[in-house]
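Chemist: Encoded as structure tokens, here's the structure I'll be asking about.
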Amino acid sequence: MTHYQRDWGISGVAIIGDTIYIGWREQESVFFSNDNGESWEQIDNGLTDRDGPRLFASETTLFAQMRRHVFRLKAGEKSWTKLIIKDPWKTDVIESDTTGFVVSGKLLYAATADGGLFRSTDMGNFWKSIKHGMMHDLDGQLAGLGNTIFYISSYSPNGRVFHSTDAGSSWTMYNTNLTNQDILSVTVLSETTLYVGTENGVFRSTDSGKSWTKTNTGIINAYVENLVFFGNALYTVTDDGIVRSADGGNSWVPVNEGLVADDGATLTVSDGKLYTATIETNVRWNPSTAGVYCLADDGNSWIPIQTNMQSSNDRIYGVNQLIVSGDTFYVVGQMGDGARLYRWKVGDNLWTQLRSHDFVFVGWHPLAVSGRTVYVNPVRGKIFRSADEGDTWTDVSRGLPKWEHQFVQATYDLICVGGTVYADSYDRILRSIDGGETWTSIDTGLCNSGIEMQLVDGMTLYGTNPHGIFRLTQGSDSWELIAPLEHNIMSLAYDGTTFYIGTNGEGIFRMSLEE
């Protein structure tokens, strides 16, 4: 017996009697244990194909679906047998790769790369074609429960679902609202209830696949770029809109009532209020759906602040950044040829596009606001300041680092803490206490790495880099590492005692400073 103490990378699990079988993705093989997982032995004789095997069991017989073929291991056998999945009566047909496989009781079902669909009633010795003419040129996922079998096509414009209650002898086709989905998995709970996992989330059907409902409530995107703490709750943005958690991220509920559109939302907190700017990307040329909203006092709905996102010469159909200062709103608005910086005040009919004779805002603009003073980085290596809410601008780049080559010039991220402005310049942090006239490097304590400024709490600035979470207190010239972390952090929220970390690909993590 061989003992393994490592991350397996499990691709499949099956249990037959007292024996546990696992598919190990890295080894592209199957292992079994007869002592509840204390020790494992490899069994791969006859596995001529390679991939992380998916495992299925029917009574005392084990099946392993590999990249191209399915293999069978009967009780007492020491070697796998490759199943030849094709119609045995059509001798001129060449065996095709197996793309789908499912075991339902004593029945086996398989889909092949050439569009075939087969059933075996004798553990894979012989196969019968059960493909219906309606399935022509379709590729799909298989799932079964007893004599009930589902074949759900991927990327079908009609959302085709095929349903059989007699083991595939006859089929009923439904043209459903499950359209153009990349079907990744199917789970059948009963003859009428099933779930599919797609790249766009989870869908449920309770009528044997005739209709589907998206059921993603409580599921948070693994990519969490926008995360804020407001009113004793966490808020973030998912593919289905804005969601809220009142229990530290354990559960989430949607908060989209009152929003005309909830796609592409951004969140910001100002003066005790939570704001969002939304845009529906599917109606790019109907920008009236873009708008700025404020969360109502009940915390369950949104109040429109400004939904006519029109300037004197163009319309804003997307918002990349939103900053609120008193009754003045600033957005980096998406246009057909890039982005522009706009200002709107309560009572105005139109948004004002901000510009200067020195530059025109095109593309992404790091932006910071403190009262009536606005800082912006319109081009690499340049920072401009406006003391009159963007009407006139002054170049305050004289004290910034000089770069030897144009292609390494910094793109500055900006943030204001009281009257102090900070600029994030690739591998350094710069601070100015005189409105950008002079700049000082504040890099001590950053573990020889740059930092991404994430959060302001009172007069304290928090940032992250590959080493963890750092804190810069008012008047300090050095950063303090307060939480070593190894996650790819995209966003940060703080409730006074606990940090919430939004990551790239790993979801949301919670960490208390008191622990």
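Every chain in the structure tokens has a letter given in the order shown (A, B, ...), and although residue numbers restart at 1 in each chain, ligands are simply numbered from 1 in the order shown.
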List the neighbours of Thr176 in chain A out to 9 Å using only C-alpha atoms; skip same-chain residues closer than 2 positions along the sequence, and give me the result as a list in words.

Modeler: Asn158, Gly159, Arg160, Val161, Tyr174, Leu178, Thr179, Gly209, Lys210, Ser211 and Trp212 of chain A

Chemist: So which residues touch range 192-201 of chain A within 12 Å, counting only C-alpha atoms, skipping near sequence neighbours fewer than 2 positions away, as a PyMOL selection string?

Modeler: chain A and resi 140-145+148-155+161+163-165+178-190+203-222+238-240

Chemist: Restricting it to C-alpha atoms, dump the selection as a short mmCIF file (atom, residue, chain, number, x, y, z; two decimals), in the first residue's frame.

Modeler:
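Heads up, here's the output in again-v3.cif:
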```cif
data_model
loop_
_atom_site.label_atom_id
_atom_site.label_comp_id
_atom_site.auth_asym_id
_atom_site.auth_seq_id
_atom_site.Cartn_x
_atom_site.Cartn_y
_atom_site.Cartn_z
CA GLY A 140 -25.39 18.35 -24.99
CA GLN A 141 -25.15 17.10 -21.43
CA LEU A 142 -26.71 13.89 -20.14
CA ALA A 143 -28.40 13.18 -16.81
CA GLY A 144 -30.57 10.30 -15.68
CA LEU A 145 -32.69 8.96 -12.84
CA THR A 148 -35.99 9.15 -16.83
CA ILE A 149 -33.22 10.66 -18.95
CA PHE A 150 -32.47 14.27 -19.94
CA TYR A 151 -30.37 15.48 -22.86
CA ILE A 152 -29.79 19.26 -22.67
CA SER A 153 -28.12 20.97 -25.60
CA SER A 154 -25.43 23.60 -25.10
CA TYR A 155 -25.45 26.94 -26.92
CA VAL A 161 -34.18 20.17 -23.71
CA HIS A 163 -36.86 14.44 -21.94
CA SER A 164 -37.54 10.71 -21.94
CA THR A 165 -39.44 8.65 -19.37
CA LEU A 178 -32.49 28.10 -21.34
CA THR A 179 -30.99 29.70 -24.45
CA ASN A 180 -27.36 29.96 -25.54
CA GLN A 181 -26.02 28.59 -22.26
CA ASP A 182 -22.77 26.70 -21.89
CA ILE A 183 -24.14 23.74 -19.90
CA LEU A 184 -21.39 22.58 -17.52
CA SER A 185 -23.29 20.13 -15.31
CA VAL A 186 -26.76 18.65 -14.75
CA THR A 187 -28.21 17.28 -11.49
CA VAL A 188 -31.57 15.44 -11.40
CA LEU A 189 -33.46 15.38 -8.09
CA SER A 190 -36.67 13.78 -9.35
CA PHE A 203 -30.89 27.29 -13.32
CA ARG A 204 -33.72 25.17 -11.92
CA SER A 205 -36.66 23.43 -13.60
CA THR A 206 -39.59 21.89 -11.74
CA ASP A 207 -41.53 20.76 -14.82
CA SER A 208 -39.13 18.26 -16.40
CA GLY A 209 -37.22 20.93 -18.31
CA LYS A 210 -40.10 22.83 -19.92
CA SER A 211 -39.16 26.10 -18.20
CA TRP A 212 -36.24 27.35 -16.13
CA THR A 213 -35.61 29.86 -13.35
CA LYS A 214 -32.25 31.35 -12.51
CA THR A 215 -31.50 30.52 -8.87
CA ASN A 216 -28.36 32.38 -7.87
CA THR A 217 -29.58 34.13 -4.73
CA GLY A 218 -26.80 33.99 -2.17
CA ILE A 219 -24.11 33.03 -4.70
CA ILE A 220 -21.40 35.68 -4.92
CA ASN A 221 -19.07 36.11 -7.87
CA ALA A 222 -15.64 34.67 -7.27
CA THR A 238 -22.69 40.41 -8.97
CA ASP A 239 -23.81 39.48 -12.49
CA ASP A 240 -27.39 39.65 -11.22
#
```

Chemist: Give the answer as one residue: which of A:Val237, A:Ala75, A:Ile84, A:Ile16 has the shortest atom-to-atom distance to Leu55 in chain A, using only C-alpha atoms?

Modeler: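 Selected residue with least distance to Leu55 in chain A: A:Ile16.
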
Chemist: From a DSSP pass on the backbone, collect the residues of range 147-356 of chain A flagged as strand (DSSP E or B) and hand them back as a PyMOL selection string.

Modeler: chain A and resi 148-153+160-164+172-175+183-188+194-198+201-205+213-214+223+227-230+233-238+241-245+253-254+257+266-270+273-278+291-295+301-306+310-311+315+318-325+328-335+338-345+351-353+356

Chemist: Kindly save the residues from that selection, with C-alpha atoms included, as a compact mmCIF listing (two decimals), in the first residue's frame.

Modeler:
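Produced file result.txt, reproduced below:
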```txt
# COMPACT_ATOMS: atom_id res chain seq x y z
CA THR A 148 -35.99 9.15 -16.83
CA ILE A 149 -33.22 10.66 -18.95
CA PHE A 150 -32.47 14.27 -19.94
CA TYR A 151 -30.37 15.48 -22.86
CA ILE A 152 -29.79 19.26 -22.67
CA SER A 153 -28.12 20.97 -25.60
CA ARG A 160 -33.60 22.73 -26.44
CA VAL A 161 -34.18 20.17 -23.71
CA PHE A 162 -35.00 16.52 -24.53
CA HIS A 163 -36.86 14.44 -21.94
CA SER A 164 -37.54 10.71 -21.94
CA THR A 172 -40.23 14.94 -25.84
CA MET A 173 -38.51 18.14 -26.98
CA TYR A 174 -38.96 21.49 -25.22
CA ASN A 175 -37.88 24.83 -26.66
CA ILE A 183 -24.14 23.74 -19.90
CA LEU A 184 -21.39 22.58 -17.52
CA SER A 185 -23.29 20.13 -15.31
CA VAL A 186 -26.76 18.65 -14.75
CA THR A 187 -28.21 17.28 -11.49
CA VAL A 188 -31.57 15.44 -11.40
CA LEU A 194 -33.44 19.24 -12.09
CA TYR A 195 -30.68 21.84 -11.96
CA VAL A 196 -28.08 22.87 -14.52
CA GLY A 197 -24.84 24.69 -13.85
CA THR A 198 -23.75 27.14 -16.54
CA GLY A 201 -25.03 30.61 -12.92
CA VAL A 202 -27.47 27.95 -11.74
CA PHE A 203 -30.89 27.29 -13.32
CA ARG A 204 -33.72 25.17 -11.92
CA SER A 205 -36.66 23.43 -13.60
CA THR A 213 -35.61 29.86 -13.35
CA LYS A 214 -32.25 31.35 -12.51
CA TYR A 223 -14.31 37.92 -8.77
CA LEU A 227 -17.09 45.65 -1.85
CA VAL A 228 -18.31 48.22 0.71
CA PHE A 229 -19.55 48.20 4.30
CA PHE A 230 -22.51 50.47 4.98
CA ALA A 233 -24.16 45.39 6.17
CA LEU A 234 -21.86 44.41 3.31
CA TYR A 235 -22.74 45.30 -0.27
CA THR A 236 -21.18 44.05 -3.49
CA VAL A 237 -22.02 43.70 -7.18
CA THR A 238 -22.69 40.41 -8.97
CA GLY A 241 -27.09 43.07 -9.59
CA ILE A 242 -26.35 44.37 -6.10
CA VAL A 243 -26.51 42.00 -3.13
CA ARG A 244 -26.36 42.61 0.62
CA SER A 245 -25.20 40.56 3.60
CA VAL A 253 -29.90 38.76 -0.66
CA PRO A 254 -30.50 40.90 -3.78
CA GLU A 257 -35.73 47.30 -6.22
CA THR A 266 -20.44 50.73 -9.00
CA LEU A 267 -20.83 51.53 -5.29
CA THR A 268 -19.61 54.48 -3.23
CA VAL A 269 -20.31 55.84 0.27
CA SER A 270 -20.47 59.59 0.97
CA LYS A 273 -25.30 57.55 2.21
CA LEU A 274 -24.69 54.68 -0.21
CA TYR A 275 -24.82 55.49 -3.93
CA THR A 276 -24.70 53.38 -7.05
CA ALA A 277 -24.37 54.16 -10.73
CA THR A 278 -25.79 51.58 -13.13
CA GLY A 291 -28.54 56.41 -13.71
CA VAL A 292 -27.33 57.37 -10.25
CA TYR A 293 -29.29 56.09 -7.26
CA CYS A 294 -29.20 56.39 -3.47
CA LEU A 295 -30.08 53.56 -1.09
CA SER A 301 -34.72 49.81 -2.38
CA TRP A 302 -33.05 52.57 -4.37
CA ILE A 303 -34.13 56.17 -4.94
CA PRO A 304 -33.26 57.73 -8.32
CA ILE A 305 -31.01 60.78 -8.02
CA GLN A 306 -30.25 61.47 -11.67
CA GLN A 310 -27.10 63.66 -20.87
CA SER A 311 -24.50 66.38 -21.40
CA ARG A 315 -25.09 60.90 -23.61
CA GLY A 318 -21.83 53.65 -18.80
CA VAL A 319 -20.18 54.72 -15.55
CA ASN A 320 -16.67 53.52 -14.66
CA GLN A 321 -16.25 55.60 -11.51
CA LEU A 322 -18.55 57.59 -9.19
CA ILE A 323 -17.52 60.10 -6.51
CA VAL A 324 -19.98 62.20 -4.49
CA SER A 325 -18.99 65.37 -2.65
CA THR A 328 -21.94 67.44 -6.49
CA PHE A 329 -21.51 64.19 -8.40
CA TYR A 330 -18.52 63.22 -10.54
CA VAL A 331 -18.50 60.27 -12.93
CA VAL A 332 -16.07 58.85 -15.42
CA GLY A 333 -18.65 58.14 -18.10
CA GLN A 334 -18.25 55.56 -20.84
CA MET A 335 -18.68 56.83 -24.39
CA GLY A 338 -13.54 55.96 -24.66
CA ALA A 339 -14.45 57.76 -21.44
CA ARG A 340 -14.98 61.32 -20.25
CA LEU A 341 -15.09 63.10 -16.91
CA TYR A 342 -18.47 64.67 -16.02
CA ARG A 343 -19.91 66.72 -13.17
CA TRP A 344 -23.52 67.12 -12.10
CA LYS A 345 -25.03 69.17 -9.27
CA TRP A 351 -24.08 66.83 -16.94
CA THR A 352 -21.08 69.08 -17.57
CA GLN A 353 -18.14 67.55 -19.40
CA SER A 356 -8.91 71.80 -20.08
```

Chemist: What's around range 388-403 of chain A at 7 Å? Count only C-alpha atoms, leave out sequence neighbours fewer than 6 positions away in its own chain, and write the answer as JSON, numbers by chain.

Modeler: {"A": [354, 356, 372, 373, 374, 382, 409, 436, 437, 438, 439]}

Chemist: With C-alpha atoms retained, write the just-selected residues as a JSON list (two decimals), in the first residue's frame.

Modeler:
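Output file result.json follows:
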```
[["chain", "number", "residue", "atom", "x", "y", "z"],
["A", 354, "LEU", "CA", -14.92, 68.68, -17.71],
["A", 356, "SER", "CA", -8.91, 71.80, -20.08],
["A", 372, "ARG", "CA", -14.36, 71.48, -4.02],
["A", 373, "THR", "CA", -10.87, 70.27, -4.98],
["A", 374, "VAL", "CA", -10.60, 67.61, -7.68],
["A", 382, "LYS", "CA", 0.56, 63.60, -15.11],
["A", 409, "GLN", "CA", 5.73, 56.26, -16.97],
["A", 436, "GLY", "CA", 0.04, 68.56, -5.16],
["A", 437, "GLU", "CA", 2.66, 71.30, -5.27],
["A", 438, "THR", "CA", 5.21, 68.97, -3.69],
["A", 439, "TRP", "CA", 5.24, 65.18, -3.31]]
```

Chemist: Select, from A:Val417, A:Gly496, A:Gly116, A:Ala296, the residue with the minimum atom-to-atom distance to Gly475 in chain A, counting only C-alpha atoms.

Modeler: A:Val417

Chemist: Which is closest to Trp171 in chain A among A:Met490, A:Leu107, A:Ala64, A:Met134, if we use only C-alpha atoms?

Modeler: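 Residue with the minimum atom-to-atom distance to Trp171 in chain A: A:Met134.
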
Chemist: Find, counting only C-alpha atoms, the residue in A:Ile451, A:Val30, A:Val421, A:Val379 that gets nearest to Ile489 in chain A.

Modeler: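 For Ile489 in chain A, the nearest of the candidates is A:Ile451.
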